[in-house]
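Report on the structure given below.
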Amino acid sequence: MAAPWEDVLRDKPAIREAASVAVDAALLQGVLMRTEGEPNASDVVNYAPFTLLPSAVPSTLFEQAYAVQQDFNLLVDAISQNKEFLEDTLASTIKVDDFTAQLFRIHMQVLEEGLAQSVFLGINRSDYMFDCGVDGTPALKQIEINTIAASFGGLTSRTAAVHGQVLKVLGKSKEASHLLPNNPSKGLALGIAKAWELYGSPSAVVMFLVEEVQRNIFDQRCVENELWNRNIRVIRRRFRDVFEKGSLDDAKRLYMDGQEVAVVYYREGYVPKNYDQQNWEARLLLERSRAVKCPDIATQLAGTKKVQQELSRPGTLERLLPGRAETVARIRATFAGLYSLDMGEEGDKIAAMAIADPDRFVLKPQREGGGNNLYGEELRQILEKIRDSPERTSYILMDKIKPQPALNYLLRAHSPLQASECISELGIFGVYVRQGKEMVMNRAAGHLLRTKAVEHADGGVAAGVAVLDTPYLV
Ligand code: ADP
Ligand code: MG
């Protein structure tokens, strides 16, 4: 899996020169983030962290990840429409996890009232690592699928140009020409535009629901700009704004400041800290409306770790996707070992297995955004403490994926330039639109490669651990 620039990796003067070119190229290309000190102003901005060099990705696994994306779109959509499956699967979790329970309550309330929404838009990102088997052959293994606020589809479209220039500076023009073009934000916007069109009110707007702290605004602007280019109006609002100024009319049309909203695109609302009582009320209002929510609350629940674990049980995929044996086989091939910690004999055995050999596993709570999982000694201690308590059912257990590390340089503002052993995570963006029962769009929209130093077990780009990268297919 080695990349064809091993020769220059230890050439410090060449690397130093390439790094200064890389940072300026990133700024010029718009690989940008607001600063920690001023997260809500663009007066002073910085480059988003990225690797100096692209990372080698096996082309067969890259193609496999693209090939299974439409299958995952179908699966997520099927789960979101399967009330019984979500109810059964999340029954144990919602007894102990308040956040999932609250999402679930809104889901049930909206169903009881009757769905006003008839057009559905899914934007997800399925993330993978390349697990190194005993014989050294890498295999594509899914880490998770993100069904809400999957980010970096904008910034990632700009890294190939940066890495291309770096390779040229390092005398690798031929390799530079092999980097693939990639523009997920365009694909995401196509989906949003389709949903907006099917909603059928030309004067209605698309509302990006955004966080209070908006460091990653440039990533979102990439999608926004694609919509403006199609003459679709975009507004940005927070839950707080919805609470204060949002309303529904008799037909459950959603209005913000007097403007009808066709599509609500969430870049917020996936972790408990996004909500206070008022924000929950705002979420309920949005979910009850007939606006297209991306995602609707059922689709958000379809992306929970508990659902992921249940999908790996023999027979579950077949039940969710009847008559689609090939789809099921492609999906299942990407699954790592996943285990339920529900109360009972099966869960007892799993807990004991993990306590005996903690380095083989990852313990995951129902959280998103990085930095929540437990590994090694910490995993063992927590599991020992809660092994006999229902609290353990708020977690799932997963086999730890062990990719082959490779040398790279992680470029971060104000950080020294040093080589690190790194591992990468490949994400594929999926977009689909359903009108009633009919799928009218189902596609893969592009990719994201994130890379981190091996010493960090957990965490993404926003969490300050991983950095943006570009795949170099080998
Ligand atoms: P989150 O919703 O917080 O992003 P993830 O399941 O993606 O949760 O886990 C966060 C990070 O932890 C991943 O980006 C990856 O680096 C690491 N990780 C998660 N699951 C595994 C696994 N099974 N093996 C190895 N690393 C993992
Ligand atoms: Mg993740």
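Note on naming: chains are A, B, ... as they come in the structure tokens, residues start from 1 per chain, ligands start from 1 in the order shown.
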
Could you name the residues that touch region 320-327 of chain A at 9 Å or less, counting only C-alpha atoms, but leaving out those on the same chain fewer than 5 positions away, as a ChimeraX atom specification? /A:68,70-72,74-75,78-79,82,85,315,332

Could you give me, as a tab-separated table, a per-residue list for chain A showing, wherever an atom lies at most 8 Å from an atom of ligand 2, the closest pair of atoms and their distance in Å to one decimal, using only C-alpha atoms and all ligand atoms and sorting by chain then residue number from low to high?
```
residue	atom	partner	partner_atom_place_in_ligand_line	distance
A:Asp127	CA	ligand 2	1 (Mg)	6.9
A:Ile143	CA	ligand 2	1 (Mg)	6.9
A:Glu144	CA	ligand 2	1 (Mg)	6.1
A:Ile145	CA	ligand 2	1 (Mg)	7.5
A:Asn146	CA	ligand 2	1 (Mg)	7.0
A:Glu368	CA	ligand 2	1 (Mg)	6.7
A:Gly369	CA	ligand 2	1 (Mg)	6.4
A:Gly370	CA	ligand 2	1 (Mg)	6.0
A:Gly459	CA	ligand 2	1 (Mg)	7.3
A:Gly460	CA	ligand 2	1 (Mg)	6.6
```

Taking only C-alpha atoms and all ligand atoms into account, produce a table as CSV in which each residue of chain A with an atom at most 9 Å from an atom of ligand 1 appears once, together with its shortest atom pair and the distance in Å to one decimal, ordered by chain and rising number.
```
residue,atom,partner,partner_atom_place_in_ligand_line,distance
A:Asp127,CA,ligand 1,7 (O),7.2
A:Tyr128,CA,ligand 1,14 (O),8.6
A:Met129,CA,ligand 1,25 (C),7.6
A:Asp131,CA,ligand 1,24 (N),8.6
A:Lys141,CA,ligand 1,23 (N),8.4
A:Gln142,CA,ligand 1,23 (N),8.0
A:Ile143,CA,ligand 1,20 (N),5.0
A:Glu144,CA,ligand 1,6 (O),5.1
A:Ile145,CA,ligand 1,7 (O),7.8
A:Asn146,CA,ligand 1,2 (O),7.2
A:Thr304,CA,ligand 1,2 (O),8.5
A:Lys305,CA,ligand 1,6 (O),7.5
A:Ala336,CA,ligand 1,23 (N),7.2
A:Gly337,CA,ligand 1,23 (N),8.4
A:Leu338,CA,ligand 1,23 (N),8.6
A:Arg360,CA,ligand 1,24 (N),8.8
A:Phe361,CA,ligand 1,23 (N),6.9
A:Val362,CA,ligand 1,23 (N),5.7
A:Leu363,CA,ligand 1,20 (N),8.3
A:Lys364,CA,ligand 1,6 (O),7.1
A:Pro365,CA,ligand 1,8 (O),8.7
A:Gln366,CA,ligand 1,2 (O),8.0
A:Arg367,CA,ligand 1,2 (O),5.7
A:Glu368,CA,ligand 1,2 (O),3.3
A:Gly369,CA,ligand 1,3 (O),4.1
A:Gly370,CA,ligand 1,3 (O),3.1
A:Gly371,CA,ligand 1,3 (O),5.9
A:Asn372,CA,ligand 1,3 (O),5.8
A:Asn373,CA,ligand 1,9 (O),6.4
A:Leu374,CA,ligand 1,12 (O),8.8
A:Leu397,CA,ligand 1,23 (N),8.5
A:Met398,CA,ligand 1,23 (N),5.3
A:Asp399,CA,ligand 1,23 (N),5.1
A:Lys400,CA,ligand 1,24 (N),3.5
A:Ile401,CA,ligand 1,24 (N),3.7
A:Lys402,CA,ligand 1,25 (C),6.3
A:Pro403,CA,ligand 1,25 (C),8.2
A:Ile423,CA,ligand 1,16 (O),8.5
A:Ser424,CA,ligand 1,16 (O),8.1
A:Glu425,CA,ligand 1,14 (O),6.8
A:Arg450,CA,ligand 1,14 (O),8.5
A:Thr451,CA,ligand 1,16 (O),8.7
A:Lys452,CA,ligand 1,16 (O),7.8
A:His456,CA,ligand 1,16 (O),7.8
A:Ala457,CA,ligand 1,17 (C),5.8
A:Asp458,CA,ligand 1,12 (O),3.7
A:Gly459,CA,ligand 1,11 (C),4.7
A:Gly460,CA,ligand 1,14 (O),5.4
A:Val461,CA,ligand 1,14 (O),8.9
A:Val465,CA,ligand 1,16 (O),8.9
A:Ala466,CA,ligand 1,16 (O),8.0
```

List the neighbours of region 30-39 of chain A out to 7 Å using only C-alpha atoms; skip same-chain residues closer than 6 positions along the sequence, and give me the result as a PyMOL selection string. chain A and resi 45-48+155+158+213-216+218

Give me, as a PDB file with all heavy atoms, in the first residue's frame, all polymer residues having an atom no more than 7 Å from Asp219 (chain A), counting only C-alpha atoms and skipping those fewer than 6 positions away in the same chain.
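File written: part_9.pdb
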```pdb
ATOM      1  N   PHE A 152     -17.784  18.082   5.843  1.00  0.00           N
ATOM      2  CA  PHE A 152     -16.558  18.143   5.042  1.00  0.00           C
ATOM      3  C   PHE A 152     -16.729  17.768   3.573  1.00  0.00           C
ATOM      4  O   PHE A 152     -15.747  17.606   2.859  1.00  0.00           O
ATOM      5  CB  PHE A 152     -15.410  17.345   5.703  1.00  0.00           C
ATOM      6  CG  PHE A 152     -14.971  17.981   6.994  1.00  0.00           C
ATOM      7  CD1 PHE A 152     -15.269  17.399   8.217  1.00  0.00           C
ATOM      8  CD2 PHE A 152     -14.350  19.206   6.979  1.00  0.00           C
ATOM      9  CE1 PHE A 152     -14.919  18.024   9.406  1.00  0.00           C
ATOM     10  CE2 PHE A 152     -13.990  19.845   8.153  1.00  0.00           C
ATOM     11  CZ  PHE A 152     -14.267  19.250   9.370  1.00  0.00           C
ATOM     12  N   GLY A 153     -17.979  17.687   3.103  1.00  0.00           N
ATOM     13  CA  GLY A 153     -18.204  17.484   1.671  1.00  0.00           C
ATOM     14  C   GLY A 153     -17.787  18.692   0.849  1.00  0.00           C
ATOM     15  O   GLY A 153     -17.527  18.584  -0.353  1.00  0.00           O
ATOM     16  N   GLY A 154     -17.710  19.854   1.486  1.00  0.00           N
ATOM     17  CA  GLY A 154     -17.292  21.070   0.791  1.00  0.00           C
ATOM     18  C   GLY A 154     -15.780  21.204   0.756  1.00  0.00           C
ATOM     19  O   GLY A 154     -15.169  21.282  -0.317  1.00  0.00           O
ATOM     20  N   LEU A 155     -15.166  21.201   1.939  1.00  0.00           N
ATOM     21  CA  LEU A 155     -13.715  21.421   1.982  1.00  0.00           C
ATOM     22  C   LEU A 155     -12.949  20.315   1.268  1.00  0.00           C
ATOM     23  O   LEU A 155     -11.908  20.561   0.655  1.00  0.00           O
ATOM     24  CB  LEU A 155     -13.239  21.532   3.439  1.00  0.00           C
ATOM     25  CG  LEU A 155     -13.803  22.701   4.254  1.00  0.00           C
ATOM     26  CD1 LEU A 155     -13.054  22.839   5.571  1.00  0.00           C
ATOM     27  CD2 LEU A 155     -13.740  24.016   3.475  1.00  0.00           C
TER      28      LEU A 155
END
```

Excluding Gly430 (chain A) and its own-chain neighbours fewer than 2 positions away, which residues fall within 6 Å of it when counting only C-alpha atoms? Please give them as a ChimeraX atom specification. /A:123-125,443-445
